[in-house]
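final.cif follows (mmCIF, C-alpha atoms and all ligand atoms):
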```
data_protein
loop_
_atom_site.label_atom_id
_atom_site.label_comp_id
_atom_site.auth_asym_id
_atom_site.auth_seq_id
_atom_site.Cartn_x
_atom_site.Cartn_y
_atom_site.Cartn_z
CA MET I 1 -46.17 6.19 -38.20
CA GLY I 2 -47.26 4.64 -34.90
CA TRP I 3 -49.11 7.82 -34.07
CA SER I 4 -51.02 7.87 -37.33
CA LEU I 5 -52.10 4.25 -36.90
CA VAL I 6 -53.46 5.11 -33.47
CA ALA I 7 -55.09 8.28 -34.79
CA SER I 8 -56.74 6.67 -37.80
CA ALA I 9 -58.06 3.79 -35.66
CA SER I 10 -59.50 6.13 -33.00
CA PRO I 11 -63.23 6.71 -33.26
CA LEU I 12 -64.32 10.13 -34.50
CA SER I 13 -66.41 12.23 -32.18
CA TYR I 14 -68.44 15.16 -33.46
CA SER I 15 -65.93 17.67 -32.13
CA SER I 16 -62.91 15.80 -33.52
CA PHE I 17 -64.59 15.59 -36.95
CA HIS I 18 -65.61 19.24 -36.86
CA THR I 19 -62.12 20.35 -35.75
CA TYR I 20 -60.43 18.44 -38.58
CA GLU I 21 -62.84 19.83 -41.16
CA GLU I 22 -62.09 23.37 -39.97
CA CYS I 23 -58.33 23.00 -39.74
CA PRO I 24 -56.39 19.71 -39.93
CA LEU I 25 -53.32 21.27 -38.30
CA ARG I 26 -55.33 22.39 -35.28
CA TRP I 27 -56.71 18.84 -35.09
CA LYS I 28 -53.14 17.49 -35.01
CA PHE I 29 -52.14 19.83 -32.18
CA LEU I 30 -55.17 18.70 -30.17
CA TYR I 31 -55.53 15.02 -30.94
CA ILE I 32 -52.00 13.83 -31.76
CA ASP I 33 -49.69 16.23 -29.95
CA ARG I 34 -52.29 16.53 -27.19
CA ILE I 35 -51.39 20.13 -26.41
CA PRO I 36 -53.89 21.44 -23.87
CA GLU I 37 -55.90 24.52 -24.76
CA THR I 38 -56.31 27.51 -22.49
CA PRO I 39 -59.44 26.95 -20.37
CA ARG I 40 -62.31 29.24 -21.32
CA GLY I 41 -65.07 30.34 -18.98
CA TYR I 42 -67.97 29.56 -21.31
CA PHE I 43 -66.78 25.95 -21.78
CA THR I 44 -66.37 25.51 -18.01
CA PHE I 45 -69.86 26.95 -17.53
CA GLY I 46 -71.36 24.48 -20.03
CA ARG I 47 -69.61 21.53 -18.34
CA VAL I 48 -70.86 22.53 -14.86
CA ILE I 49 -74.47 22.93 -16.02
CA HIS I 50 -74.35 19.58 -17.81
CA SER I 51 -73.03 17.81 -14.72
CA VAL I 52 -75.73 19.31 -12.45
CA LEU I 53 -78.44 18.34 -14.94
CA GLU I 54 -77.02 14.82 -14.99
CA GLU I 55 -77.28 14.65 -11.20
CA LEU I 56 -80.87 15.93 -11.38
CA LEU I 57 -82.06 13.62 -14.15
CA ARG I 58 -80.16 10.37 -13.57
CA PRO I 59 -82.63 9.11 -10.90
CA MET I 60 -85.42 9.49 -13.50
CA VAL I 61 -83.79 7.09 -15.96
CA THR I 62 -85.70 3.96 -16.92
CA PRO I 63 -83.46 1.89 -19.22
CA THR I 64 -84.84 0.41 -22.41
CA ALA I 65 -83.98 -2.33 -24.88
CA ARG I 66 -80.49 -2.30 -26.35
CA ARG I 67 -79.12 -3.92 -29.45
CA LEU I 68 -77.40 -7.19 -28.66
CA ARG I 69 -73.69 -7.45 -28.72
CA GLU I 70 -72.09 -10.77 -29.56
CA GLY I 71 -72.65 -13.40 -26.84
CA GLU I 72 -75.42 -11.42 -25.05
CA ALA I 73 -78.77 -13.04 -24.36
CA GLN I 74 -81.93 -11.49 -25.79
CA ARG I 75 -83.80 -9.22 -23.34
CA THR I 76 -87.29 -7.98 -23.79
CA LEU I 77 -88.54 -4.44 -23.34
CA ASP I 78 -90.54 -5.51 -20.25
CA GLU I 79 -87.44 -6.86 -18.59
CA TRP I 80 -85.85 -3.46 -18.92
CA HIS I 81 -88.65 -1.30 -17.56
CA PRO I 82 -91.26 -3.56 -15.97
CA LYS I 83 -92.87 -0.90 -13.76
CA GLY I 84 -91.65 2.54 -14.69
CA ALA I 85 -92.83 3.15 -18.24
CA GLY I 86 -95.52 5.75 -18.72
CA ARG I 87 -95.75 6.78 -15.05
CA PRO I 88 -94.82 10.27 -13.92
CA VAL I 89 -91.36 10.18 -12.41
CA GLU I 90 -90.70 11.99 -9.14
CA LEU I 91 -87.97 14.59 -8.91
CA THR I 92 -85.57 13.24 -6.34
CA LEU I 93 -83.63 16.46 -5.74
CA THR I 94 -85.23 19.38 -3.93
CA ARG I 95 -84.58 22.96 -5.08
CA GLU I 96 -82.06 23.36 -2.25
CA GLU I 97 -80.29 20.11 -3.14
CA LEU I 98 -80.10 21.23 -6.75
CA LEU I 99 -78.45 24.51 -5.74
CA ALA I 100 -76.09 22.63 -3.39
CA ALA I 101 -75.08 20.37 -6.30
CA TYR I 102 -74.46 23.50 -8.38
CA ASP I 103 -72.20 25.00 -5.70
CA ARG I 104 -70.32 21.72 -5.38
CA SER I 105 -69.72 21.45 -9.12
CA TRP I 106 -68.77 25.08 -9.63
CA THR I 107 -65.21 25.90 -10.68
CA GLY I 108 -63.77 29.28 -11.62
CA GLU I 109 -61.48 27.82 -14.31
CA GLY I 110 -61.12 29.92 -17.45
CA TYR I 111 -62.98 33.08 -16.42
CA THR I 112 -61.11 36.26 -17.25
CA SER I 113 -62.16 38.14 -14.08
CA ALA I 114 -64.05 37.73 -10.82
CA GLU I 115 -66.88 39.83 -12.30
CA GLU I 116 -67.20 37.53 -15.29
CA GLU I 117 -67.26 34.47 -13.03
CA ALA I 118 -69.92 36.05 -10.80
CA ARG I 119 -72.05 36.92 -13.86
CA TYR I 120 -71.92 33.33 -15.13
CA LYS I 121 -72.60 31.94 -11.67
CA THR I 122 -75.79 34.01 -11.37
CA LEU I 123 -76.83 33.07 -14.89
CA GLY I 124 -76.34 29.36 -14.12
CA ARG I 125 -78.37 29.54 -10.90
CA ASP I 126 -81.21 31.30 -12.64
CA LEU I 127 -81.15 28.92 -15.57
CA LEU I 128 -81.16 25.80 -13.35
CA LEU I 129 -84.03 27.08 -11.19
CA ARG I 130 -86.17 27.92 -14.20
CA TYR I 131 -85.41 24.51 -15.73
CA TYR I 132 -86.29 22.82 -12.42
CA ALA I 133 -89.64 24.65 -12.32
CA ARG I 134 -90.32 23.60 -15.90
CA LEU I 135 -89.64 19.93 -15.02
CA SER I 136 -92.40 19.94 -12.41
CA HIS I 137 -95.06 20.07 -15.18
CA GLU I 138 -93.09 18.88 -18.21
CA ARG I 139 -91.50 15.64 -17.06
CA PRO I 140 -89.30 13.75 -19.56
CA HIS I 141 -88.92 9.95 -19.58
CA PRO I 142 -85.18 9.52 -20.06
CA VAL I 143 -83.81 6.11 -20.92
CA SER I 144 -80.28 7.41 -20.43
CA VAL I 145 -78.37 10.57 -19.51
CA GLU I 146 -74.78 11.49 -20.40
CA GLU I 147 -74.33 8.12 -22.05
CA HIS I 148 -71.21 7.25 -23.99
CA LEU I 149 -72.09 5.38 -27.17
CA GLU I 150 -69.87 3.87 -29.84
CA ALA I 151 -70.66 2.50 -33.28
CA ARG I 152 -69.07 1.52 -36.55
CA TRP I 153 -70.81 3.48 -39.28
CA ASP I 154 -70.11 1.64 -42.55
CA GLY I 155 -66.42 1.38 -41.77
CA ILE I 156 -66.06 4.61 -39.79
CA PRO I 157 -65.73 4.19 -36.00
CA ILE I 158 -67.63 6.97 -34.20
CA HIS I 159 -68.48 7.80 -30.60
CA GLY I 160 -70.15 10.47 -28.51
CA TYR I 161 -71.59 11.41 -25.14
CA ILE I 162 -75.32 12.01 -25.46
CA ASP I 163 -76.89 14.39 -22.95
CA ARG I 164 -80.26 12.65 -22.83
CA ILE I 165 -82.25 10.02 -24.69
CA ASP I 166 -86.01 10.13 -23.98
CA ARG I 167 -88.77 7.66 -24.54
CA THR I 168 -91.64 9.34 -26.36
CA SER I 169 -95.32 8.61 -25.66
CA GLU I 170 -95.38 6.52 -28.87
CA GLY I 171 -92.54 4.33 -27.57
CA ALA I 172 -89.85 5.72 -29.86
CA LEU I 173 -86.67 7.56 -28.83
CA GLU I 174 -85.83 11.25 -28.87
CA ILE I 175 -82.28 12.57 -28.63
CA VAL I 176 -81.78 15.74 -26.59
CA ASP I 177 -78.66 17.89 -26.55
CA TYR I 178 -78.51 20.85 -24.12
CA LYS I 179 -77.00 24.12 -25.24
CA THR I 180 -75.95 26.90 -22.88
CA SER I 181 -75.01 29.28 -25.72
CA ARG I 182 -76.47 32.76 -25.94
CA GLU I 183 -78.33 32.17 -29.21
CA LEU I 184 -79.86 29.05 -30.73
CA SER I 185 -82.36 28.64 -33.55
CA GLY I 186 -84.35 25.95 -35.33
CA GLU I 187 -81.88 26.35 -38.19
CA ASP I 188 -79.10 25.18 -35.84
CA ALA I 189 -81.08 22.01 -35.09
CA ARG I 190 -81.83 21.39 -38.78
CA GLY I 191 -78.17 21.71 -39.79
CA SER I 192 -76.47 20.13 -36.77
CA ASP I 193 -73.94 17.43 -37.72
CA GLN I 194 -73.72 16.64 -34.02
CA LEU I 195 -77.39 15.55 -33.92
CA SER I 196 -76.92 13.49 -37.10
CA ILE I 197 -73.98 11.62 -35.54
CA TYR I 198 -76.01 11.06 -32.35
CA GLN I 199 -78.86 9.65 -34.43
CA ILE I 200 -76.49 7.07 -35.95
CA LEU I 201 -75.09 6.21 -32.52
CA VAL I 202 -78.53 5.69 -31.00
CA GLU I 203 -79.85 3.72 -33.99
CA ASN I 204 -76.85 1.42 -33.73
CA ASN I 205 -77.17 0.87 -29.98
CA TYR I 206 -80.93 0.82 -29.33
CA THR I 207 -83.64 -1.32 -30.84
CA GLU I 208 -86.37 1.35 -30.94
CA PRO I 209 -86.49 3.91 -33.72
CA VAL I 210 -85.40 7.52 -33.30
CA SER I 211 -88.37 9.81 -33.88
CA GLY I 212 -86.90 13.20 -33.02
CA LEU I 213 -83.73 15.24 -32.54
CA THR I 214 -83.72 18.18 -30.15
CA LEU I 215 -81.35 21.00 -29.36
CA TYR I 216 -82.54 22.34 -26.01
CA HIS I 217 -81.74 26.01 -25.43
CA LEU I 218 -81.40 26.29 -21.67
CA ARG I 219 -81.33 30.08 -21.47
CA SER I 220 -84.79 30.36 -23.03
CA LEU I 221 -86.07 26.85 -22.13
CA THR I 222 -86.82 26.28 -25.81
CA ALA I 223 -86.71 22.84 -27.41
CA HIS I 224 -85.78 23.07 -31.11
CA ARG I 225 -87.08 19.71 -32.24
CA VAL I 226 -86.61 18.31 -35.77
CA PRO I 227 -87.42 14.94 -37.35
CA PRO I 228 -84.65 12.35 -37.75
CA ARG I 229 -82.34 12.90 -40.69
CA PRO I 230 -83.32 11.32 -44.00
CA LYS I 231 -80.94 8.93 -45.73
CA PRO I 232 -79.43 11.42 -48.26
CA THR I 233 -78.42 13.80 -45.42
CA LEU I 234 -76.75 10.94 -43.57
CA LEU I 235 -74.99 9.72 -46.71
CA ALA I 236 -73.58 13.19 -47.36
CA LEU I 237 -72.29 13.35 -43.77
CA HIS I 238 -70.82 9.85 -44.08
CA ASP I 239 -68.90 11.02 -47.19
CA ARG I 240 -67.48 14.01 -45.30
CA MET I 241 -66.51 11.85 -42.33
CA GLY I 242 -64.87 9.38 -44.71
CA MET I 243 -62.81 12.23 -46.16
CA VAL I 244 -61.74 13.27 -42.67
CA GLN I 245 -60.82 9.69 -41.84
CA ASP I 246 -58.76 9.46 -45.07
CA GLY I 247 -57.04 12.75 -44.24
CA ILE I 248 -56.07 11.52 -40.78
CA ARG I 249 -54.91 8.18 -42.16
CA SER I 250 -52.66 9.92 -44.71
CA GLU I 251 -51.38 12.40 -42.08
CA ALA I 252 -52.66 15.39 -44.03
CA TYR I 253 -52.32 18.21 -41.51
CA GLU I 254 -52.27 21.37 -43.59
CA PRO I 255 -53.11 24.62 -41.79
CA THR I 256 -56.41 26.01 -43.07
CA PRO I 257 -56.76 29.60 -41.94
CA GLY I 258 -60.19 31.07 -41.44
CA ARG I 259 -62.45 32.54 -38.80
CA GLN I 260 -61.44 29.72 -36.44
CA CYS I 261 -57.91 31.21 -36.15
CA ALA I 262 -59.27 33.97 -33.90
CA ARG I 263 -60.00 31.42 -31.14
CA CYS I 264 -57.09 29.06 -31.90
CA ASP I 265 -54.50 28.68 -29.14
CA PHE I 266 -51.82 27.46 -31.55
CA GLN I 267 -51.02 30.55 -33.58
CA SER I 268 -47.46 30.61 -32.22
CA ARG I 269 -46.90 27.07 -33.56
CA CYS I 270 -48.74 27.56 -36.85
CA PRO I 271 -46.77 28.39 -40.04
CA GLU I 272 -49.63 30.71 -41.05
CA PHE I 273 -48.76 32.99 -38.13
CA ARG I 274 -45.08 32.20 -37.49
CA PRO I 275 -42.99 35.41 -37.69
CA VAL I 276 -40.04 35.71 -40.09
CA PRO I 277 -36.66 35.34 -38.29
CA ALA I 278 -35.42 38.77 -37.17
CA THR I 279 -32.11 38.31 -39.08
CA ASP I 280 -33.92 38.09 -42.43
CA GLN I 281 -36.73 40.54 -41.84
CA ALA I 282 -35.12 43.50 -43.68
CA ARG I 283 -34.16 41.46 -46.76
CA LEU I 284 -37.58 39.84 -47.01
CA ARG I 285 -39.37 43.15 -46.46
CA GLU I 286 -37.50 44.56 -49.49
CA LEU I 287 -38.53 41.58 -51.57
CA VAL I 288 -42.17 42.01 -50.63
CA ASP I 289 -42.03 45.76 -51.41
CA ARG I 290 -40.44 45.04 -54.79
CA PHE I 291 -43.08 42.41 -55.52
CA GLU I 292 -45.80 44.88 -54.61
CA ASP I 293 -44.29 47.53 -56.99
CA LEU I 294 -44.04 45.05 -59.83
CA ARG I 295 -47.62 43.93 -59.32
CA ALA I 296 -48.81 47.55 -59.45
CA ASN I 297 -46.74 48.16 -62.61
CA GLU I 298 -48.03 44.98 -64.19
CA LYS I 299 -51.61 46.23 -63.88
CA ARG I 300 -50.72 49.72 -65.11
CA LEU I 301 -48.79 48.30 -68.10
CA GLU I 302 -51.61 45.94 -69.03
CA LEU I 303 -54.02 48.87 -69.12
CA GLU I 304 -51.65 51.08 -71.07
CA LEU I 305 -50.98 48.28 -73.57
CA ARG I 306 -54.70 47.83 -74.17
CA HIS I 307 -55.31 51.56 -74.67
CA THR I 308 -52.37 51.89 -77.09
CA ALA I 309 -53.58 48.88 -79.12
CA GLU I 310 -57.08 50.42 -79.29
CA GLU I 311 -55.69 53.76 -80.48
CA LEU I 312 -53.60 52.04 -83.16
CA HIS I 313 -56.68 50.09 -84.19
CA ARG I 314 -58.75 53.26 -84.60
CA ALA I 315 -55.96 54.83 -86.70
CA ALA I 316 -55.69 51.68 -88.86
CA GLU I 317 -59.45 51.67 -89.42
CA GLY I 318 -59.46 55.39 -90.25
CA PHE I 319 -56.63 55.16 -92.79
CA GLY I 320 -57.54 51.71 -94.06
CA VAL I 321 -54.03 50.35 -93.35
CA HIS I 322 -52.77 47.22 -91.66
CA ARG I 323 -49.07 48.00 -91.17
CA ILE I 324 -47.86 51.00 -89.19
CA PRO I 325 -44.12 51.60 -89.01
CA GLY I 326 -42.43 52.56 -85.73
CA THR I 327 -38.77 53.47 -85.16
CA HIS I 328 -37.49 49.90 -84.79
CA SER I 329 -40.47 47.72 -85.62
CA VAL I 330 -43.56 47.59 -87.77
CA ALA I 331 -46.88 47.04 -86.00
CA ILE I 332 -48.96 44.59 -88.05
CA ARG I 333 -52.68 44.28 -87.52
CA ARG I 334 -53.91 40.68 -87.57
CA ARG I 335 -57.43 39.42 -87.71
CA GLU I 336 -58.85 36.35 -86.02
CA GLU I 337 -62.29 35.15 -86.99
CA THR I 338 -64.36 32.65 -85.06
CA TRP I 339 -67.86 31.28 -85.57
CA GLN I 340 -70.31 30.24 -82.93
CA TYR I 341 -73.46 28.25 -83.65
CA THR I 342 -76.58 28.18 -81.50
CA LEU I 343 -78.34 24.97 -82.47
CA ASP I 344 -80.92 24.80 -79.65
CA GLY I 345 -83.86 25.62 -81.95
CA LEU I 346 -82.64 23.19 -84.63
CA ARG I 347 -82.07 20.09 -82.51
CA ALA I 348 -85.32 18.39 -83.57
CA ARG I 349 -84.51 18.84 -87.29
CA VAL I 350 -80.89 17.77 -86.75
CA ASN I 351 -82.04 14.62 -84.96
CA ALA I 352 -84.69 13.88 -87.60
CA ALA I 353 -81.96 14.09 -90.26
CA GLY I 354 -79.85 11.61 -88.25
CA LEU I 355 -77.11 14.17 -87.71
CA GLU I 356 -77.03 14.29 -83.89
CA GLY I 357 -73.83 12.19 -83.88
CA ARG I 358 -72.08 14.67 -86.21
CA LEU I 359 -73.33 17.81 -84.46
CA GLY I 360 -72.98 16.62 -80.87
CA ARG I 361 -71.25 19.70 -79.41
CA GLY I 362 -72.37 22.12 -82.14
CA SER I 363 -68.77 23.27 -82.63
CA ALA I 364 -67.84 25.39 -85.66
CA GLU I 365 -65.82 22.47 -87.16
CA GLU I 366 -68.75 20.06 -86.84
CA VAL I 367 -71.22 22.53 -88.39
CA ARG I 368 -68.87 23.37 -91.26
CA SER I 369 -68.38 19.73 -92.18
CA VAL I 370 -72.18 19.35 -92.43
CA LEU I 371 -72.51 22.60 -94.43
CA ARG I 372 -70.04 21.21 -96.98
CA ASP I 373 -71.82 17.87 -97.27
CA PRO I 374 -74.00 17.79 -100.45
CA SER I 375 -75.91 14.75 -99.17
CA VAL I 376 -77.50 16.85 -96.37
CA ASP I 377 -80.88 18.47 -97.06
CA PRO I 378 -80.11 21.99 -98.51
CA GLU I 379 -82.86 23.60 -96.40
CA LEU I 380 -81.31 22.23 -93.21
CA ARG I 381 -77.88 23.44 -94.32
CA ARG I 382 -79.30 26.92 -94.92
CA ARG I 383 -80.88 26.99 -91.45
CA LEU I 384 -77.62 25.77 -89.92
CA ALA I 385 -75.64 28.47 -91.71
CA GLU I 386 -78.08 31.12 -90.43
CA ALA I 387 -77.62 29.88 -86.85
CA GLY I 388 -73.99 31.01 -86.91
CA THR I 389 -72.55 34.23 -85.52
CA ARG I 390 -69.19 35.51 -86.68
CA ARG I 391 -66.84 37.11 -84.18
CA VAL I 392 -63.82 39.10 -85.34
CA LYS I 393 -60.92 39.89 -83.08
CA TRP I 394 -58.08 42.21 -84.04
CA TYR I 395 -54.65 42.08 -82.48
CA TRP I 396 -51.22 43.54 -83.12
CA GLU I 397 -47.89 41.88 -83.73
CA LEU I 398 -44.49 43.55 -83.92
CA GLU I 399 -42.06 42.74 -86.69
CA ASP I 400 -38.48 43.96 -86.86
CA SER I 401 -38.38 46.75 -89.46
CA GLY I 402 -34.71 46.12 -90.19
CA SER I 403 -33.95 49.83 -89.87
CA GLY I 404 -32.36 49.60 -86.40
CA GLY I 405 -28.57 49.75 -86.01
S1 LIG I 501 -54.01 29.40 -36.34
FE1 LIG I 501 -55.60 28.94 -37.84
S2 LIG I 501 -54.50 27.86 -39.49
FE2 LIG I 501 -53.17 27.81 -37.68
S3 LIG I 501 -53.63 25.90 -36.65
FE3 LIG I 501 -54.91 27.45 -35.72
S4 LIG I 501 -56.86 27.34 -36.88
FE4 LIG I 501 -55.28 26.30 -38.07
#
```
Spit out the file's structure as structure tokens when you get a sec.
Amino acid sequence: MGWSLVASASPLSYSSFHTYEECPLRWKFLYIDRIPETPRGYFTFGRVIHSVLEELLRPMVTPTARRLREGEAQRTLDEWHPKGAGRPVELTLTREELLAAYDRSWTGEGYTSAEEEARYKTLGRDLLLRYYARLSHERPHPVSVEEHLEARWDGIPIHGYIDRIDRTSEGALEIVDYKTSRELSGEDARGSDQLSIYQILVENNYTEPVSGLTLYHLRSLTAHRVPPRPKPTLLALHDRMGMVQDGIRSEAYEPTPGRQCARCDFQSRCPEFRPVPATDQARLRELVDRFEDLRANEKRLELELRHTAEELHRAAEGFGVHRIPGTHSVAIRRREETWQYTLDGLRARVNAAGLEGRLGRGSAEEVRSVLRDPSVDPELRRRLAEAGTRRVKWYWELEDSGSGG
């Protein structure tokens, strides 16, 4: 119980929220049991690049106005950046210093081979140098880098580390998240829950409005920029986060298998993948085989039953009979008749006659009660009767013939 209180009170980050939505049991292994995952090279790579970019960009930061917390004195925008705003900011690291920072930050954790590590190392060097060259003529005005922000979003505590928040030339704020992934598209930026959560965090912590959200693809130096999320998008996300929060509070940790299982480190602990005990394997295998046979027979029997009933039906039609004796039973043909009424074209007349209350669903019972009512206009009753379609269904019942011993 203590654990769940801690868990439900902990703020949700994007990755915690996303993990729970994908599989609550995986979330439990990570966030409650705190079982470490196997390091993976591409995550290590992303972390290293982010830390070097932080070192490169932090000297360019000019802070801006923040929302007041309780007991804080009001500060003006000018107090925060009296000189820096609007002026080009110098790069404080040289190319060589940038590469030295890269070498210092590098770690081989999680790579599956020396070749893989070397490939990533070269990729990172190339990517950082191209980004550095781009900065010399496309200088951002960050107000923060790698900042940890927290907020309470209508009852849901959230938090996140934001790669970069920029001041735009209009004085608003733009949120930038770097991606080192192979592929990235504008669609990713439009649908990113991560950017939506960052928007809420920034709006709750800064006084200036957010005017843009960007996923920055470092491999291609492409900024996928989208406008801030409209209210309905944020409300829908808030609902989903509320459901996750409720799930955590009620300790709902069901395994939810899917594509995510392929990269899940917890298969050996997960009931979805746990093997049957060796002592019971043979017995359970037999049960499964029997079940499989029965299922196959069930389908075959259903088909055979339908074909036999159809053949009996054709014979009954041909001979004009309804009872066909067998050895032990008599097969009796029964008829079921149903009526369906399509009143769409008659709604105006029905309403004009004040009958909409009686013909609300247009069911056969409702229509019949109106057809029998002499106080209803005969022309309308005729039109209603014509709107009906009769469906006849035949079926067979077996009755004991009494001839068996
Ligand atoms: S293996 Fe699949 S179902 Fe099991 S915990 Fe991992 S993600 Fe969830």
Enumerate as an NGL selection string the residues within 6 Å of ligand LIG 501 (chain I), counting all atoms listed in the file.
:I and (23 or 25-26 or 255-257 or 260-261 or 264 or 266-267 or 270 or 272)
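Taking atom CA of Val350 of chain I and atom CA of Arg368 of chain I as endpoints, the distance between them is 14.0 Å.
Each of I:Val330, I:Ile158, I:Ala65, I:Leu127 was compared to Gln245 of chain I using only C-alpha atoms, and I:Ile158 turns out to be the nearest.
Between Glu55 of chain I and the candidates I:Gly345, I:Val145, I:Tyr20, I:Leu129, the tightest atom-to-atom separation, counting only C-alpha atoms, involves I:Val145.
Taking only C-alpha atoms into account, those protein, DNA and RNA residues with any atom at most 8 Å away from (-68.4, 14.9, -32.9) amount to Leu12, Ser13, Tyr14, Ser15, Ser16, Phe17, His18, His159, Gly160, Asp193, Gln194 and Ile197 of chain I.
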Distance in Å - atom CA of Val392 of chain I versus atom CA of Gly318 of chain I:
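Atom CA of Gly318 of chain I lies at a distance of 17.6 Å from atom CA of Val392 of chain I.
Using all atoms listed in the file for every distance, the candidate list I:Arg249, I:His224, I:Arg335, I:Arg382 yields I:Arg249 as the residue closest to Lys28 of chain I.
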